[in-house]
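This is upload-v3.txt (compact mmCIF, C-alpha atoms).
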```txt
# COMPACT_ATOMS: atom_id res chain seq x y z
CA MET Y 1 19.30 3.92 7.00
CA LYS Y 2 21.33 2.85 3.98
CA SER Y 3 22.58 -0.18 5.82
CA VAL Y 4 19.00 -1.13 6.73
CA TYR Y 5 18.03 -1.16 3.06
CA ARG Y 6 21.12 -3.16 2.25
CA PHE Y 7 20.11 -5.69 4.89
CA VAL Y 8 16.55 -5.80 3.56
CA LEU Y 9 17.83 -6.39 0.04
CA MET Y 10 20.18 -9.08 1.26
CA SER Y 11 17.40 -10.81 3.20
CA LEU Y 12 15.15 -10.83 0.17
CA THR Y 13 17.95 -12.14 -2.01
CA VAL Y 14 18.66 -14.96 0.43
CA GLY Y 15 14.96 -15.72 0.55
CA PHE Y 16 14.61 -16.04 -3.18
CA VAL Y 17 17.95 -17.63 -4.01
CA GLY Y 18 17.16 -20.37 -1.51
CA CYS Y 19 14.29 -21.66 -3.61
CA ILE Y 20 16.26 -22.97 -6.58
CA PRO Y 21 17.46 -26.58 -6.60
CA HIS Y 22 21.08 -26.54 -5.42
CA TYR Y 23 23.66 -29.28 -5.37
CA TYR Y 24 26.46 -27.99 -3.21
CA LEU Y 25 26.79 -26.41 0.18
CA PRO Y 26 30.09 -25.47 1.85
CA THR Y 27 29.55 -27.74 4.83
CA LYS Y 28 31.17 -27.16 8.18
CA GLN Y 29 34.95 -27.33 8.22
CA ASN Y 30 36.57 -29.35 10.95
CA THR Y 31 39.08 -27.02 12.54
CA MET Y 32 41.03 -27.30 15.81
CA VAL Y 33 39.25 -30.53 16.73
CA PHE Y 34 42.16 -32.46 18.27
CA GLU Y 35 44.65 -31.35 20.88
CA LYS Y 36 46.62 -34.43 21.77
CA LYS Y 37 46.97 -38.18 21.43
CA GLY Y 38 43.96 -40.17 22.54
CA ASP Y 39 41.36 -37.47 21.91
CA ILE Y 40 38.04 -38.95 20.88
CA ILE Y 41 35.67 -36.31 19.62
CA LEU Y 42 31.95 -36.72 19.22
CA SER Y 43 30.17 -33.77 17.74
CA GLY Y 44 26.73 -32.74 16.61
CA ASN Y 45 26.18 -29.75 14.40
CA LEU Y 46 23.31 -27.63 13.29
CA GLY Y 47 23.22 -25.25 10.34
CA LEU Y 48 21.25 -22.04 10.46
CA PHE Y 49 19.81 -22.66 7.02
CA HIS Y 50 18.67 -25.54 4.83
CA ARG Y 51 17.76 -27.84 7.71
CA GLN Y 52 21.37 -28.80 8.08
CA THR Y 53 22.35 -31.25 10.80
CA GLY Y 54 25.43 -33.37 11.21
CA LEU Y 55 27.11 -36.00 13.29
CA GLU Y 56 30.89 -36.33 13.59
CA LEU Y 57 33.33 -38.68 15.18
CA GLY Y 58 37.10 -38.40 15.37
CA TYR Y 59 40.10 -39.99 17.00
CA ALA Y 60 43.72 -38.90 17.37
CA PRO Y 61 46.05 -41.93 17.57
CA THR Y 62 49.12 -39.68 17.97
CA ASP Y 63 49.87 -36.15 19.15
CA ASN Y 64 49.88 -34.88 15.56
CA ILE Y 65 47.59 -37.10 13.55
CA GLY Y 66 43.87 -37.66 13.76
CA VAL Y 67 41.12 -39.22 11.70
CA TYR Y 68 37.72 -37.65 11.45
CA SER Y 69 34.45 -38.67 9.89
CA SER Y 70 31.53 -36.29 9.46
CA PHE Y 71 28.08 -36.85 8.06
CA ASN Y 72 26.09 -33.75 7.16
CA LYS Y 73 22.54 -33.87 5.93
CA PHE Y 74 20.64 -30.90 4.60
CA ASP Y 75 17.86 -29.88 2.30
CA ILE Y 76 18.96 -27.92 -0.75
CA SER Y 77 17.74 -29.85 -3.78
CA TYR Y 78 14.32 -28.28 -3.35
CA TYR Y 79 11.93 -30.62 -5.13
CA GLY Y 80 10.33 -33.68 -3.64
CA LYS Y 81 10.41 -35.51 -0.36
CA GLN Y 82 10.96 -39.18 -0.93
CA HIS Y 83 12.80 -40.13 2.21
CA PRO Y 84 11.43 -39.22 5.65
CA PHE Y 85 14.82 -38.32 7.17
CA LEU Y 86 17.30 -37.82 4.38
CA LYS Y 87 17.14 -35.41 1.45
CA ASP Y 88 20.72 -34.45 0.62
CA PHE Y 89 23.94 -35.43 2.35
CA ILE Y 90 27.72 -35.26 2.21
CA TRP Y 91 29.84 -37.74 4.12
CA ASP Y 92 33.48 -36.75 4.61
CA ASN Y 93 36.41 -38.70 5.93
CA GLU Y 94 39.52 -36.78 6.86
CA LEU Y 95 43.08 -37.36 7.85
CA ILE Y 96 44.13 -34.44 10.05
CA PHE Y 97 47.70 -33.40 10.77
CA PHE Y 98 47.77 -30.97 13.65
CA LYS Y 99 50.07 -29.26 16.08
CA LYS Y 100 49.14 -27.36 19.17
CA TYR Y 101 51.79 -25.01 20.52
CA ASN Y 102 52.18 -23.95 24.14
CA SER Y 103 51.58 -20.37 23.09
CA GLY Y 104 48.02 -21.29 22.16
CA LEU Y 105 48.73 -21.29 18.46
CA TYR Y 106 47.29 -24.16 16.48
CA THR Y 107 48.12 -25.31 12.99
CA GLY Y 108 46.54 -28.10 11.05
CA ILE Y 109 45.98 -29.53 7.64
CA ASN Y 110 43.08 -31.79 6.73
CA LEU Y 111 43.08 -34.13 3.77
CA GLY Y 112 39.59 -35.29 2.98
CA LEU Y 113 37.47 -37.45 0.74
CA GLY Y 114 33.75 -36.90 0.54
CA LEU Y 115 30.77 -38.59 -0.99
CA GLY Y 116 27.37 -36.98 -1.36
CA LYS Y 117 23.96 -37.71 -2.77
CA PHE Y 118 21.13 -35.36 -3.58
CA ASN Y 119 17.38 -35.73 -3.53
CA VAL Y 120 17.69 -39.23 -2.13
CA GLY Y 121 15.09 -41.66 -3.34
CA ASN Y 122 13.62 -39.45 -6.03
CA PRO Y 123 12.23 -41.39 -8.99
CA TYR Y 124 13.94 -39.32 -11.69
CA PHE Y 125 17.69 -39.29 -11.14
CA ASN Y 126 20.56 -40.41 -8.95
CA LEU Y 127 23.03 -37.62 -8.41
CA TYR Y 128 26.29 -38.38 -6.62
CA LEU Y 129 28.94 -35.92 -5.56
CA TYR Y 130 32.60 -36.76 -5.07
CA ARG Y 131 34.91 -34.30 -3.43
CA GLN Y 132 38.55 -34.27 -2.48
CA PHE Y 133 39.98 -31.48 -0.45
CA VAL Y 134 42.91 -30.01 1.39
CA GLN Y 135 42.22 -27.70 4.26
CA PRO Y 136 44.94 -25.76 6.06
CA THR Y 137 43.99 -24.24 9.40
CA LEU Y 138 45.52 -21.58 11.58
CA GLY Y 139 44.04 -21.02 15.00
CA ILE Y 140 44.67 -19.55 18.39
CA THR Y 141 43.33 -20.16 21.89
CA VAL Y 142 43.04 -17.15 24.15
CA PHE Y 143 42.02 -16.90 27.79
CA ASN Y 144 42.07 -20.72 27.93
CA HIS Y 145 38.50 -21.00 26.70
CA LEU Y 146 38.15 -18.94 23.57
CA GLN Y 147 39.33 -20.14 20.18
CA PHE Y 148 39.56 -18.41 16.83
CA GLY Y 149 40.40 -20.17 13.62
CA LEU Y 150 40.94 -19.33 9.99
CA SER Y 151 40.83 -22.08 7.44
CA ALA Y 152 40.39 -22.55 3.73
CA ARG Y 153 39.15 -25.70 2.08
CA ILE Y 154 40.52 -26.18 -1.42
CA VAL Y 155 38.09 -28.51 -3.08
CA ARG Y 156 37.86 -30.55 -6.24
CA LEU Y 157 34.31 -31.58 -7.00
CA ASN Y 158 32.72 -33.72 -9.59
CA TYR Y 159 29.27 -35.17 -10.03
CA ASN Y 160 27.86 -38.30 -11.51
CA ALA Y 161 24.24 -38.36 -12.55
CA THR Y 162 22.38 -41.38 -13.74
CA SER Y 163 18.83 -41.21 -14.81
CA ALA Y 164 16.41 -43.44 -12.99
CA THR Y 165 14.52 -43.71 -16.28
CA ARG Y 166 16.71 -45.64 -18.66
CA GLY Y 167 17.24 -44.83 -22.31
CA LEU Y 168 16.51 -41.11 -22.29
CA SER Y 169 16.40 -39.35 -25.62
CA GLU Y 170 18.54 -36.28 -26.22
CA TYR Y 171 15.45 -34.12 -25.72
CA ASP Y 172 14.57 -35.75 -22.39
CA GLN Y 173 18.15 -35.38 -21.21
CA LYS Y 174 17.98 -31.67 -22.05
CA MET Y 175 14.73 -31.43 -20.10
CA VAL Y 176 16.28 -33.21 -17.11
CA ASN Y 177 19.12 -30.67 -17.09
CA GLN Y 178 16.75 -27.73 -17.31
CA TYR Y 179 14.08 -28.97 -14.96
CA PHE Y 180 16.39 -29.98 -12.15
CA ASN Y 181 18.75 -27.02 -12.65
CA PHE Y 182 21.68 -29.33 -13.51
CA LYS Y 183 22.89 -27.22 -16.42
CA ASP Y 184 26.59 -28.09 -16.82
CA LEU Y 185 26.81 -29.65 -13.36
CA THR Y 186 27.58 -33.16 -14.49
CA THR Y 187 29.92 -32.32 -17.34
CA ASN Y 188 32.49 -30.31 -15.39
CA ASP Y 189 34.99 -30.73 -12.61
CA PHE Y 190 34.93 -27.85 -10.17
CA PHE Y 191 37.72 -26.35 -8.12
CA LEU Y 192 36.50 -24.29 -5.21
CA ILE Y 193 38.15 -22.28 -2.49
CA GLU Y 194 36.15 -22.13 0.71
CA PRO Y 195 37.50 -19.82 3.41
CA ALA Y 196 35.99 -20.17 6.86
CA PHE Y 197 36.10 -18.29 10.10
CA THR Y 198 35.59 -20.26 13.29
CA MET Y 199 34.96 -19.12 16.81
CA ALA Y 200 34.64 -21.58 19.68
CA PHE Y 201 34.13 -21.64 23.42
CA LYS Y 202 35.82 -24.49 25.22
CA ILE Y 203 34.90 -25.51 28.71
CA GLU Y 204 36.39 -28.69 30.11
CA CYS Y 205 35.50 -31.45 27.67
CA PHE Y 206 32.85 -29.43 25.81
CA ARG Y 207 33.37 -27.16 22.85
CA LEU Y 208 30.72 -24.93 21.33
CA GLN Y 209 31.63 -23.71 17.87
CA PHE Y 210 30.27 -21.17 15.42
CA GLN Y 211 31.51 -21.06 11.89
CA TYR Y 212 30.98 -19.07 8.74
CA ALA Y 213 32.11 -20.75 5.52
CA GLY Y 214 31.82 -19.44 2.00
CA ILE Y 215 32.92 -20.08 -1.56
CA THR Y 216 35.02 -17.37 -3.15
CA ASN Y 217 35.24 -18.57 -6.72
CA SER Y 218 31.98 -20.24 -7.64
CA ASN Y 219 31.46 -17.78 -10.53
CA TYR Y 220 27.80 -17.49 -9.58
CA ARG Y 221 26.99 -21.01 -10.70
CA PRO Y 222 23.29 -21.34 -10.07
CA TYR Y 223 23.48 -24.80 -8.51
CA PHE Y 224 25.94 -23.90 -5.75
CA LEU Y 225 25.03 -22.31 -2.45
CA ASN Y 226 27.85 -19.97 -1.61
CA GLU Y 227 27.58 -19.52 2.13
CA ASN Y 228 26.89 -21.47 5.25
CA ILE Y 229 26.71 -20.72 8.94
CA SER Y 230 26.91 -23.61 11.34
CA THR Y 231 27.01 -24.26 15.04
CA SER Y 232 28.29 -27.38 16.66
CA LEU Y 233 28.74 -28.89 20.08
CA SER Y 234 31.58 -31.33 20.64
CA ILE Y 235 32.49 -33.61 23.50
CA ASN Y 236 35.96 -34.88 24.02
CA LEU Y 237 35.13 -38.39 25.23
CA ASN Y 238 38.70 -39.04 26.26
CA LYS Y 239 38.63 -36.09 28.66
CA LEU Y 240 35.21 -37.06 29.90
CA PHE Y 241 36.38 -40.62 30.53
CA LEU Y 242 39.54 -39.47 32.32
CA TYR Y 243 37.52 -37.06 34.39
CA LYS Y 244 35.32 -39.86 35.64
CA LYS Y 245 38.40 -41.92 36.48
CA SER Y 246 40.13 -39.20 38.52
CA LYS Y 247 37.33 -37.66 40.52
CA THR Y 248 39.73 -36.33 43.12
CA LYS Y 249 41.09 -33.74 40.74
CA PRO Y 250 39.25 -30.97 39.01
CA LEU Y 251 39.00 -31.64 35.28
CA SER Y 252 41.13 -28.70 34.19
CA ASN Y 253 44.05 -30.09 36.19
CA THR Y 254 43.99 -33.55 34.73
CA PHE Y 255 46.04 -32.58 31.68
CA MET R 1 7.86 6.20 14.25
CA LYS R 2 10.37 5.83 11.49
CA THR R 3 12.46 3.48 13.61
CA LYS R 4 9.38 1.36 14.38
CA LYS R 5 8.57 1.03 10.68
CA THR R 6 12.14 0.12 9.92
CA ASN R 7 12.11 -2.52 12.62
CA TYR R 8 8.93 -4.05 11.22
CA LEU R 9 10.48 -4.09 7.75
CA VAL R 10 13.60 -5.79 8.98
CA VAL R 11 11.63 -8.41 10.91
CA LEU R 12 9.43 -9.02 7.87
CA CYS R 13 12.42 -9.55 5.62
CA VAL R 14 14.08 -11.89 8.08
CA VAL R 15 10.85 -13.89 8.24
CA ILE R 16 10.68 -13.97 4.44
CA SER R 17 14.30 -15.09 4.27
CA PHE R 18 13.75 -17.97 6.61
CA ALA R 19 10.20 -18.93 5.77
CA GLY R 20 10.02 -17.86 2.13
CA CYS R 21 11.64 -20.99 0.90
CA SER R 22 9.67 -23.86 2.20
CA ASN R 23 10.77 -26.65 -0.08
CA SER R 24 8.47 -27.83 -2.77
CA GLU R 25 7.57 -31.34 -1.76
CA TYR R 26 6.27 -32.25 -5.18
CA TYR R 27 7.51 -32.10 -8.75
CA PRO R 28 5.47 -29.64 -10.81
CA LYS R 29 4.53 -30.73 -14.31
CA VAL R 30 5.98 -28.78 -17.21
CA ASN R 31 3.45 -26.58 -18.92
CA GLU R 32 4.12 -26.60 -22.67
CA VAL R 33 3.11 -23.24 -24.11
CA PHE R 34 2.97 -22.94 -27.88
CA SER R 35 2.99 -19.34 -29.07
CA VAL R 36 2.33 -18.59 -32.71
CA ARG R 37 2.93 -15.07 -33.94
CA ASN R 38 1.23 -13.94 -37.09
CA ASN R 39 3.80 -11.93 -39.04
CA THR R 40 1.86 -12.04 -42.29
CA ASP R 41 -0.35 -9.26 -43.58
CA THR R 42 -3.52 -11.28 -43.22
CA THR R 43 -5.54 -13.18 -40.61
CA LEU R 44 -4.54 -16.77 -40.00
CA ILE R 45 -6.61 -19.73 -38.88
CA PHE R 46 -4.98 -22.04 -36.36
CA LYS R 47 -6.40 -25.56 -36.03
CA TYR R 48 -5.21 -27.76 -33.20
CA GLN R 49 -6.24 -30.55 -30.92
CA VAL R 50 -6.71 -30.47 -27.14
CA SER R 51 -7.62 -33.61 -25.21
CA GLY R 52 -8.70 -35.26 -28.45
CA LEU R 53 -11.01 -32.39 -29.39
CA ASN R 54 -10.44 -30.35 -32.53
CA LYS R 55 -10.31 -26.62 -31.96
CA GLN R 56 -9.87 -23.63 -34.20
CA ASP R 57 -8.88 -20.03 -33.52
CA THR R 58 -8.06 -16.99 -35.59
CA ILE R 59 -4.81 -15.09 -35.24
CA LEU R 60 -5.03 -11.49 -36.33
CA LYS R 61 -2.15 -9.81 -38.12
CA ASN R 62 0.73 -9.07 -35.68
CA TYR R 63 -1.00 -10.95 -32.88
CA TYR R 64 -0.06 -14.06 -30.93
CA PHE R 65 -1.97 -17.21 -30.22
CA HIS R 66 -1.10 -19.39 -27.22
CA ALA R 67 -1.99 -23.01 -26.63
CA ASN R 68 -1.14 -24.90 -23.43
CA TYR R 69 -0.48 -28.58 -22.88
CA TRP R 70 0.40 -30.64 -19.81
CA PRO R 71 1.24 -34.28 -19.45
CA THR R 72 -1.89 -36.12 -18.38
CA ASP R 73 -0.07 -39.17 -17.03
CA ASP R 74 2.42 -39.27 -14.14
CA LYS R 75 5.29 -37.94 -16.28
CA LEU R 76 6.78 -34.50 -15.58
CA TRP R 77 6.94 -33.38 -19.18
CA LEU R 78 5.75 -34.41 -22.59
CA SER R 79 8.31 -36.38 -24.54
CA GLU R 80 9.66 -35.21 -27.87
CA GLN R 81 7.53 -37.83 -29.63
CA GLU R 82 4.38 -36.70 -27.83
CA LEU R 83 5.10 -33.09 -28.70
CA ASN R 84 5.75 -33.95 -32.35
CA ASN R 85 2.53 -35.91 -32.34
CA LEU R 86 0.64 -32.86 -31.04
CA LEU R 87 2.29 -30.60 -33.58
CA SER R 88 1.43 -32.94 -36.41
CA LYS R 89 -2.23 -32.28 -35.65
CA ILE R 90 -1.84 -28.55 -36.16
CA ALA R 91 -2.93 -26.84 -39.35
CA ILE R 92 -2.26 -23.19 -40.10
CA PHE R 93 -3.89 -21.54 -43.08
CA LYS R 94 -5.27 -18.34 -44.51
CA VAL R 95 -8.42 -17.98 -46.57
CA GLU R 96 -8.32 -16.31 -49.93
CA ASN R 97 -11.42 -16.21 -52.15
CA ASN R 98 -13.08 -18.77 -49.87
CA THR R 99 -10.18 -21.14 -50.46
CA PRO R 100 -7.92 -22.24 -47.59
CA ILE R 101 -4.22 -21.94 -48.31
CA TYR R 102 -2.18 -24.07 -45.94
CA ILE R 103 1.33 -23.59 -44.67
CA HIS R 104 3.43 -26.68 -45.26
CA PRO R 105 3.74 -28.63 -41.93
CA LYS R 106 7.51 -28.86 -42.46
CA TYR R 107 7.68 -25.39 -40.86
CA TYR R 108 6.18 -26.41 -37.54
CA ASN R 109 5.55 -30.15 -37.19
CA LYS R 110 8.63 -30.90 -35.10
CA ILE R 111 9.44 -29.41 -31.71
CA SER R 112 13.01 -28.81 -32.89
CA LEU R 113 11.65 -26.24 -35.37
CA TRP R 114 10.28 -24.09 -32.55
CA ASN R 115 12.26 -21.70 -30.39
CA ASN R 116 12.33 -23.19 -26.91
CA TYR R 117 12.78 -21.29 -23.72
CA PHE R 118 12.60 -23.08 -20.41
CA GLU R 119 11.27 -21.04 -17.52
CA ASN R 120 11.05 -21.82 -13.82
CA ASP R 121 9.20 -19.86 -11.23
CA TYR R 122 10.33 -21.67 -8.14
CA GLN R 123 8.48 -19.32 -5.81
CA ALA R 124 5.17 -19.86 -7.54
CA GLY R 125 5.91 -23.53 -8.04
CA TRP R 126 5.42 -23.75 -11.78
CA VAL R 127 7.65 -24.83 -14.62
CA CYS R 128 7.04 -23.81 -18.18
CA ASN R 129 8.47 -24.59 -21.59
CA GLN R 130 7.86 -21.66 -23.93
CA ASN R 131 7.80 -22.79 -27.56
CA SER R 132 7.37 -20.05 -30.10
CA ILE R 133 7.26 -19.71 -33.85
CA GLU R 134 6.67 -16.85 -36.25
CA ILE R 135 4.52 -17.33 -39.30
CA THR R 136 5.67 -15.23 -42.24
CA ALA R 137 4.17 -14.64 -45.66
CA GLU R 138 7.06 -16.50 -47.31
CA MET R 139 5.94 -19.74 -45.68
CA PHE R 140 2.92 -19.80 -47.98
CA ASP R 141 5.13 -19.83 -51.06
CA ASN R 142 6.69 -23.22 -50.34
```
Could you render the structure as structure tokens?
Amino acid sequence: MKSVYRFVLMSLTVGFVGCIPHYYLPTKQNTMVFEKKGDIILSGNLGLFHRQTGLELGYAPTDNIGVYSSFNKFDISYYGKQHPFLKDFIWDNELIFFKKYNSGLYTGINLGLGLGKFNVGNPYFNLYLYRQFVQPTLGITVFNHLQFGLSARIVRLNYNATSATRGLSEYDQKMVNQYFNFKDLTTNDFFLIEPAFTMAFKIECFRLQFQYAGITNSNYRPYFLNENISTSLSINLNKLFLYKKSKTKPLSNTF
Amino acid sequence: MKTKKTNYLVVLCVVISFAGCSNSEYYPKVNEVFSVRNNTDTTLIFKYQVSGLNKQDTILKNYYFHANYWPTDDKLWLSEQELNNLLSKIAIFKVENNTPIYIHPKYYNKISLWNNYFENDYQAGWVCNQNSIEITAEMFDN
């Protein structure tokens, strides 16, 4: 019974916390995406909250290095709807060093640069996010199809806000900060640690992934969302292409 | 029965969690609330202007008076100059022997002289700037 009340309280908290303008979401971490040279990954993802959707594309030119680009759009800045398709977004580009061992163990490290914008097209402010991150990953594949991964994104964030209305007085600037819940958002650099747990099912060239990601050290800053749950479906185009070329063999035997 | 109730409660909360935060697709205007507390030992008269009309109210000893203002144009909040302009039209006085005794406007004619508290109720969709000031007997001496 106690746990039911705890769940109820948590649900209500999530419900209410979600209604404040936010300017950061720990977006999906790209873990265990490449296996070998030539992998071309196309992925679409869907967040459980905040109308989060994303499109990703990656390529591994060698057996240990890949490049990955991911565009995630979501809806966390609360006020307004100026653009029919885009409210808030973060676009990341990553260099991924990875190694897959025969034992099923997987290690990787992602170096990434991200650019984001919030409340796109609103008439009051332009808020840009810049993030740089390092993300080590440790994963394992079991029973050929099931993958588990632990990762942690270590992030440096900073924001740049320009007012769409030029020449604001000190009072108006204070009002902008209060009204849009900026507070000290634009005057600080932030260092965040975002651990994530990933579980994926891999069948042939398809990979269905579920991930929980959180922020451990946000110090309850009111403009950060601290948790995210995402699902994604990836296709390894290289495998798909090879499969079509060698129709005489079952896909699982082509590698 | 108890389990059924619990299940309903859980479902309700999940629905609230997911549906309770439909984003506000507009920008609510800031309601400027001016609260004047009468900390003197007499009744005060508060004269002010709303939409170009002069109004007057009494503030009993230890009571508050509240006046509300919103931007009438497409702006989200009143600028500092607009607020100072509104405040300059305020007059606060007491009446002694049929003679009005005014408080000097230097105590209230700028928004920076008021205590400001910004308040958001995101659920209800309103935004409010609480501006308060206390009128004391000493203010009549200067």
Inset, instruction - Just give me the gap between atom CA of Leu208 of chain Y and atom CA of Ser43 of chain Y in Å, one decimal is fine. - result: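 Going from atom CA of Leu208 of chain Y over to atom CA of Ser43 of chain Y, I get 9.6 Å.
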Legend entry - Within 10 Å of Asp141 of chain R using only C-alpha atoms, minus same-chain residues under 3 positions, as a list of chain:residue names: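 Everything that qualifies: R:Ile101, R:Tyr102, R:Ile103, R:His104, R:Thr136, R:Ala137, R:Glu138.
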Inset, instruction - Write out as a VMD selection string each polymer residue whose atoms come within 8 Å of Lys61 of chain R, counting all atoms listed in the file; drop sequence neighbours fewer than 2 positions from it. - result: chain R and resid 38 to 44 59 63
Legend entry - Spatial neighbours of Pro136 of chain Y, max dist 9 Å, all atoms listed in the file, sep filter under 2 positions, as an MDAnalysis selection string: chainID Y and resid 31 107:111 134 138 150:154
Legend entry - Neighbour list for segment 111-124 of chain R as a list of chain:residue names, cut-off 9 Å, all atoms listed in the file, skip fewer than 4 positions in-chain: Y:Phe16, Y:Cys19, Y:Ile20, Y:Pro21, Y:Met175, Y:Gln178, Y:Tyr179, R:Gly20, R:Cys21, R:Ser24, R:Phe34, R:Glu80, R:Gln81, R:Leu83, R:Asn84, R:Leu87, R:Lys106, R:Tyr107, R:Cys128, R:Asn129, R:Gln130, R:Asn131, R:Ser132, R:Ile133, R:Glu134
Legend entry - atom CA of Asp74 of chain R to atom CA of Lys29 of chain R, distance in Å rounded to a single decimal: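 Computed distance, atom CA of Asp74 of chain R to atom CA of Lys29 of chain R, equals 8.8 Å.
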Legend entry - Test item: residues at most 6 Å from Gly149 of chain Y, all atoms listed in the file, excluding those fewer than 4 positions along its chain, as number ranges by chain: Y: 138-139, 197-198
How would the residues just picked look written out with C-alpha atoms as a compact mmCIF listing (two decimals), in the coordinates of the input?
```txt
# COMPACT_ATOMS: atom_id res chain seq x y z
CA LEU Y 138 45.52 -21.58 11.58
CA GLY Y 139 44.04 -21.02 15.00
CA PHE Y 197 36.10 -18.29 10.10
CA THR Y 198 35.59 -20.26 13.29
```
Inset, instruction - May I ask which of the residues R:Asn54, R:Thr72, R:Asn85, R:Asn31 is the closest one to chain Y, counting all atoms listed in the file? - result: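 For chain Y, the nearest of the candidates is R:Asn31.
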Legend entry - Minimum-distance residue to chain Y, chosen among R:Trp70, R:Tyr27, R:Trp126, R:Tyr108 (using all atoms listed in the file): R:Tyr27
Inset, instruction - May I ask for the distance between atom CA of Thr137 of chain Y and atom CA of Leu105 of chain Y, given in Å to one decimal place? - result: 10.6 Å
Inset, instruction - May I ask which of the residues Y:Ser169, Y:Ser70, Y:Asn144, Y:Gln29 is the closest one to chain R, counting all atoms listed in the file? - result: Y:Ser169
Legend entry - Proximity to chain R - best of Y:Val142, Y:Leu168, Y:Val33, Y:Leu55, all atoms listed in the file: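 Among the listed residues, Y:Leu168 lies closest to chain R.
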Inset, instruction - Using all atoms listed in the file, find the one residue out of Y:Thr231, Y:Gln173, Y:Ser77, Y:Asn72 that sits nearest to Phe118 of chain Y. - result: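 Smallest distance to Phe118 of chain Y is found for Y:Ser77.
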